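Have a look at coords.cif below; it lists mmCIF, C-alpha atoms.
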data_run
loop_
_atom_site.label_atom_id
_atom_site.label_comp_id
_atom_site.auth_asym_id
_atom_site.auth_seq_id
_atom_site.Cartn_x
_atom_site.Cartn_y
_atom_site.Cartn_z
CA MET A 1 14.64 18.65 -20.65
CA ILE A 2 14.94 16.85 -17.34
CA TYR A 3 15.36 13.09 -17.20
CA LEU A 4 15.56 10.95 -14.09
CA SER A 5 17.01 7.52 -14.52
CA ASP A 6 19.25 5.44 -12.25
CA ARG A 7 16.76 2.61 -12.03
CA LYS A 8 16.42 -1.08 -12.77
CA ILE A 9 13.22 -2.55 -14.14
CA GLY A 10 12.41 -6.12 -15.00
CA GLY A 11 11.39 -7.15 -18.47
CA LYS A 12 7.60 -7.28 -18.34
CA GLY A 13 5.18 -6.47 -15.56
CA CYS A 14 6.51 -5.71 -12.11
CA PRO A 15 10.14 -5.15 -11.22
CA MET A 16 11.89 -8.00 -9.47
CA LYS A 17 10.57 -8.12 -5.94
CA LYS A 18 12.80 -7.23 -3.05
CA ILE A 19 12.66 -9.06 0.23
CA GLN A 20 10.11 -7.16 2.25
CA LYS A 21 11.04 -5.88 5.67
CA MET A 22 8.70 -6.81 8.49
CA HIS A 23 8.22 -4.81 11.64
CA VAL A 24 8.70 -6.54 14.99
CA HIS A 25 5.02 -6.21 15.91
CA GLU A 26 4.02 -7.93 12.62
CA LEU A 27 6.26 -10.89 13.43
CA VAL A 28 4.99 -11.00 17.01
CA SER A 29 1.34 -10.93 15.92
CA GLN A 30 2.00 -13.88 13.64
CA GLU A 31 3.75 -15.76 16.46
CA ILE A 32 0.79 -15.16 18.77
CA GLN A 33 -1.56 -16.54 16.14
CA ASN A 34 0.72 -19.56 15.74
CA TYR A 35 0.72 -20.02 19.52
CA ILE A 36 -3.10 -19.96 19.61
CA GLN A 37 -3.30 -22.53 16.84
CA GLU A 38 -0.56 -24.82 18.18
CA SER A 39 -1.97 -24.66 21.72
CA LYS A 40 -5.44 -25.45 20.29
CA LEU A 41 -6.96 -22.56 22.21
CA ARG A 42 -10.63 -21.85 21.69
CA ALA A 43 -12.95 -18.88 22.12
CA GLY A 44 -12.73 -17.47 25.65
CA ASP A 45 -9.42 -19.17 26.49
CA LYS A 46 -6.92 -16.94 28.26
CA LEU A 47 -3.48 -16.24 26.86
CA PRO A 48 -0.38 -15.71 28.99
CA SER A 49 0.12 -12.21 30.40
CA VAL A 50 1.90 -9.42 28.50
CA GLU A 51 5.03 -10.02 30.58
CA GLU A 52 4.98 -13.75 29.87
CA LEU A 53 4.38 -13.28 26.14
CA ALA A 54 7.18 -10.71 25.91
CA ARG A 55 9.51 -13.19 27.60
CA MET A 56 8.33 -16.08 25.40
CA PHE A 57 8.99 -14.18 22.16
CA GLY A 58 12.00 -12.24 23.36
CA VAL A 59 10.56 -8.82 22.50
CA GLY A 60 9.86 -5.58 24.31
CA ARG A 61 6.50 -4.74 25.88
CA SER A 62 5.86 -1.94 23.39
CA SER A 63 6.21 -4.28 20.40
CA LEU A 64 4.03 -6.85 22.14
CA ARG A 65 1.30 -4.30 22.91
CA GLU A 66 1.38 -3.07 19.30
CA ALA A 67 0.95 -6.66 18.12
CA LEU A 68 -1.99 -7.13 20.49
CA ARG A 69 -3.62 -3.92 19.23
CA TYR A 70 -3.38 -5.28 15.70
CA LEU A 71 -4.83 -8.66 16.75
CA GLU A 72 -7.67 -6.86 18.53
CA ALA A 73 -8.37 -4.85 15.38
CA ILE A 74 -8.77 -8.02 13.31
CA GLU A 75 -10.70 -9.61 16.17
CA ILE A 76 -8.36 -12.49 16.93
CA VAL A 77 -7.97 -11.55 20.61
CA ARG A 78 -9.78 -9.46 23.20
CA VAL A 79 -7.78 -7.51 25.80
CA GLU A 80 -9.62 -6.77 29.06
CA ASN A 81 -7.87 -4.38 31.39
CA GLY A 82 -7.15 -5.99 34.74
CA LYS A 83 -8.36 -9.38 33.54
CA GLY A 84 -6.08 -10.50 30.73
CA ILE A 85 -5.92 -11.40 27.06
CA PHE A 86 -8.57 -13.72 25.67
CA VAL A 87 -9.04 -15.59 22.40
CA ARG A 88 -12.07 -14.72 20.34
CA ASP A 89 -13.86 -17.29 18.16
CA VAL A 90 -10.82 -18.03 15.99
CA ASP A 91 -12.56 -20.01 13.27
CA ILE A 92 -15.39 -17.52 12.80
CA PHE A 93 -13.13 -14.49 12.86
CA ARG A 94 -10.51 -16.05 10.61
CA PHE A 95 -13.28 -16.53 8.06
CA SER A 96 -14.58 -13.02 8.74
CA GLY A 97 -11.07 -11.63 8.28
CA LYS A 98 -10.78 -13.40 4.95
CA ILE A 99 -14.07 -11.85 3.87
CA LYS A 100 -12.76 -8.40 4.83
CA VAL A 101 -9.58 -8.93 2.82
CA GLU A 102 -11.50 -10.11 -0.25
CA ASN A 103 -13.88 -7.14 0.01
CA GLU A 104 -10.99 -4.69 0.22
CA LYS A 105 -9.25 -6.38 -2.72
CA ARG A 106 -12.43 -6.00 -4.80
CA PHE A 107 -12.66 -2.35 -3.76
CA LEU A 108 -9.04 -1.65 -4.72
CA LEU A 109 -9.44 -3.40 -8.08
CA CYS A 110 -12.59 -1.38 -8.83
CA ILE A 111 -10.79 1.87 -8.02
CA LEU A 112 -7.90 0.66 -10.15
CA ASP A 113 -10.26 0.30 -13.14
CA VAL A 114 -11.34 3.92 -12.67
CA ARG A 115 -7.73 5.05 -12.30
CA ARG A 116 -6.76 3.30 -15.53
CA ALA A 117 -9.46 5.18 -17.44
CA LEU A 118 -9.06 8.65 -15.93
CA GLU A 119 -5.30 8.70 -15.37
CA GLY A 120 -4.70 7.15 -18.78
CA LYS A 121 -6.18 10.21 -20.45
CA ALA A 122 -4.59 12.54 -17.89
CA ILE A 123 -1.05 11.31 -18.53
CA GLU A 124 -1.48 11.59 -22.32
CA LEU A 125 -2.63 15.19 -21.93
CA ALA A 126 0.13 15.94 -19.41
CA ALA A 127 2.81 14.73 -21.82
CA LYS A 128 1.42 17.07 -24.49
CA ARG A 129 0.73 20.12 -22.31
CA ILE A 130 3.30 20.23 -19.52
CA THR A 131 5.11 23.57 -19.20
CA PRO A 132 8.75 23.98 -18.17
CA ALA A 133 7.65 25.28 -14.75
CA GLN A 134 5.31 22.32 -14.24
CA LEU A 135 8.06 19.95 -15.32
CA GLU A 136 10.33 21.41 -12.65
CA GLU A 137 7.59 20.88 -10.05
CA LEU A 138 7.06 17.27 -11.13
CA ALA A 139 10.82 16.67 -11.08
CA THR A 140 10.96 17.99 -7.51
CA CYS A 141 8.19 15.57 -6.56
CA VAL A 142 10.04 12.64 -8.14
CA LYS A 143 13.30 13.59 -6.42
CA GLU A 144 11.52 13.72 -3.06
CA TYR A 145 9.91 10.36 -3.84
CA ARG A 146 13.36 8.89 -4.54
CA LYS A 147 14.81 10.36 -1.35
CA MET A 148 12.01 8.92 0.80
CA LYS A 149 12.16 5.54 -0.94
CA GLU A 150 15.92 5.24 -0.44
CA SER A 151 15.47 6.17 3.24
CA GLY A 152 12.89 3.41 3.72
CA LEU A 153 10.15 5.90 4.61
CA ASP A 154 6.43 5.63 3.93
CA THR A 155 5.97 6.93 0.37
CA SER A 156 2.18 6.72 0.10
CA GLU A 157 1.66 10.50 0.41
CA ILE A 158 4.34 11.44 -2.13
CA ASP A 159 3.01 8.73 -4.46
CA LEU A 160 -0.44 10.31 -4.25
CA ALA A 161 1.07 13.77 -4.80
CA PHE A 162 2.84 12.55 -7.95
CA HIS A 163 -0.37 11.28 -9.53
CA ARG A 164 -2.33 14.36 -8.50
CA GLN A 165 0.29 16.57 -10.09
CA ILE A 166 -0.07 14.72 -13.40
CA ILE A 167 -3.84 15.19 -13.23
CA LYS A 168 -3.33 18.91 -12.60
CA VAL A 169 -0.85 19.21 -15.50
CA ALA A 170 -3.44 17.64 -17.83
CA SER A 171 -5.25 21.01 -17.59
CA ASN A 172 -8.71 19.57 -18.05
CA PRO A 173 -11.05 20.86 -15.30
CA ILE A 174 -13.76 18.31 -16.09
CA LEU A 175 -11.32 15.39 -15.85
CA GLU A 176 -9.89 16.84 -12.64
CA GLY A 177 -13.42 17.33 -11.29
CA MET A 178 -14.31 13.70 -12.01
CA ILE A 179 -11.34 12.52 -9.97
CA GLU A 180 -12.06 15.02 -7.19
CA SER A 181 -15.62 13.65 -7.00
CA ILE A 182 -14.14 10.36 -5.74
CA ALA A 183 -11.32 12.01 -3.76
CA ASP A 184 -11.93 10.05 -0.55
CA LEU A 185 -11.99 6.71 -2.37
CA TYR A 186 -8.96 7.76 -4.42
CA LYS A 187 -6.97 8.60 -1.27
CA LYS A 188 -7.95 5.31 0.35
CA PHE A 189 -6.20 3.45 -2.46
CA PHE A 190 -2.87 4.90 -1.33
CA GLN A 191 -3.35 4.80 2.45
CA GLU A 192 -2.16 1.47 3.84
CA PRO A 193 -3.88 -0.81 1.27
CA LEU A 194 -4.80 -4.18 2.76
CA GLY A 195 -3.13 -3.10 6.01
CA ASN A 196 0.30 -2.78 4.40
CA LYS A 197 1.58 0.73 3.71
CA HIS A 198 4.50 -0.76 1.74
CA LEU A 199 2.36 -2.98 -0.50
CA PHE A 200 2.92 -0.82 -3.58
CA ASP A 201 6.63 -0.10 -3.06
CA ALA A 202 7.51 -2.23 -6.09
CA THR A 203 5.80 0.28 -8.40
CA TYR A 204 8.32 3.03 -7.65
CA PRO A 205 10.42 2.55 -10.85
CA PHE A 206 7.38 3.14 -13.05
CA HIS A 207 7.03 6.65 -11.62
CA LEU A 208 10.48 7.37 -13.05
CA THR A 209 9.63 6.02 -16.50
CA MET A 210 6.33 7.91 -16.51
CA PHE A 211 8.20 11.08 -15.62
CA ASP A 212 10.74 10.53 -18.41
CA ALA A 213 7.97 10.02 -20.97
CA ILE A 214 6.16 13.18 -19.86
CA ALA A 215 9.44 15.13 -19.94
CA ALA A 216 10.04 13.88 -23.49
CA ASN A 217 6.51 15.01 -24.50
CA ASP A 218 5.77 11.43 -25.58
CA PRO A 219 2.09 10.67 -24.77
CA ASP A 220 2.21 7.16 -26.26
CA LYS A 221 5.18 6.14 -24.11
CA ALA A 222 3.64 7.82 -21.07
CA LEU A 223 0.46 5.76 -21.48
CA VAL A 224 2.47 2.56 -21.95
CA GLU A 225 4.37 3.20 -18.71
CA LEU A 226 1.18 4.08 -16.82
CA ASN A 227 -0.40 0.82 -17.95
CA LYS A 228 2.68 -1.11 -16.79
CA HIS A 229 2.28 0.65 -13.46
CA MET A 230 -1.41 -0.28 -13.26
CA ASP A 231 -0.68 -3.89 -14.27
CA CYS A 232 1.85 -4.11 -11.45
CA LEU A 233 -0.65 -2.67 -8.94
CA GLU A 234 -3.24 -5.23 -10.04
CA GLU A 235 -0.75 -8.07 -9.64
CA LEU A 236 0.23 -6.90 -6.16
CA ILE A 237 -3.39 -6.58 -5.01
CA LYS A 238 -4.31 -10.02 -6.30
CA SER A 239 -1.24 -11.58 -4.68
CA VAL A 240 -2.46 -10.79 -1.14
CA LEU A 241 -4.05 -13.86 0.45
#
Translate the structure of the given file into structure tokens.
Amino acid sequence: MIYLSDRKIGGKGCPMKKIQKMHVHELVSQEIQNYIQESKLRAGDKLPSVEELARMFGVGRSSLREALRYLEAIEIVRVENGKGIFVRDVDIFRFSGKIKVENEKRFLLCILDVRRALEGKAIELAAKRITPAQLEELATCVKEYRKMKESGLDTSEIDLAFHRQIIKVASNPILEGMIESIADLYKKFFQEPLGNKHLFDATYPFHLTMFDAIAANDPDKALVELNKHMDCLEELIKSVL
């Protein structure tokens, strides 16, 4: 049998949280929002130029432009080529942004309910039915997951691949078909949830414990570890303001 350990997990619920890294453009976008608020700018007011903002915050133009693209996407600013950067209706769009976040949180929690039901049965079946060849494939997936995680890379795709492999190992075409019927919604859960591709990084250790339980052909333990994983996901989603 293959076991992957070398992990640390907290007592109950999620593992202890690590300090999250923030990209420069995320910090800059926050500073621009602070500047708008502190300067009491209103809708239609013009911000300093890209060059001036880059100098103010001590960052490169590329990071500044990336921050502005993000602020445009959430409708905090409007960039007009040749004219400048303008504030949108901050109060209205801050409220609108909050609505968008709450809607996405509800969506993610609804998908999570479906995942609990379908993947709960899938992981029990996988622990009973996995073949040595399938176990090797799942181990390869977990090893790649670990490698990417330790390198600080985006692990959303390998995370999705891990769960899909478990569903495949369950060897139940109807169960697999039910999940495939919501494939687009299922994928969306993993792809930059709430605008943060690293939001679910803290769930990584549970993939190792789920793997160990499947490798040990222990369906009860596998389900327990999956539910811990799902509880952690729920906590992380609800923690986003």
- [ ] Find the residues near range 217-220 of chain A: any atom within 12 Å, counting only C-alpha atoms, skip ones fewer than 6 places away on the same chain, and give them as a PyMOL selection string.
- [x] chain A and resi 1-3+120-132+135+170+209-211+226-227
Open item on the list: Since I can't run it myself right now, could you work out what the PyMOL selection byres ((chain A and resi 47) around 7) selects here and report it as a ChimeraX atom specification?
Closed with: /A:45-46,48-49,85-86
Tell me, as a PDB file with C-alpha atoms, in the coordinates of the input, which residues lie within 7 Å of range 28-30 of chain A, counting all atoms listed in the file; anything in the same chain fewer than 5 positions away does not count.
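New file result-v1.pdb:
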ATOM      1  CA  LEU A  64       4.030  -6.850  22.140  1.00  0.00           C
ATOM      2  CA  ALA A  67       0.950  -6.660  18.120  1.00  0.00           C
ATOM      3  CA  LEU A  68      -1.990  -7.130  20.490  1.00  0.00           C
ATOM      4  CA  LEU A  71      -4.830  -8.660  16.750  1.00  0.00           C
TER       5      LEU A  71
END
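Using only C-alpha atoms, the nearest neighbour of Ala139 in chain A within the list A:Glu102, A:Asp212, A:Glu192, A:Glu72 is A:Asp212.
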TODO: Given the file shown, enumerate the residues that the PyMOL selection byres ((chain A and resi 193-196) around 8) captures and present them as a list in words.
DONE: Val101, Glu104, Lys105, Leu108, Lys188, Phe189, Phe190, Gln191, Glu192, Lys197, His198 and Leu199 of chain A
Task: Reference answer for the PyMOL selection byres ((chain A and resi 158-165) around 9), as a ChimeraX atom specification - done: /A:119,134,137-138,141-142,144-145,148,154-157,166-170,176,186-187,190,204,207
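Nearest residue to Ala117 in chain A, choosing from A:Ala54, A:Leu41, A:Leu175, A:Leu27 and counting all atoms listed in the file: A:Leu175.
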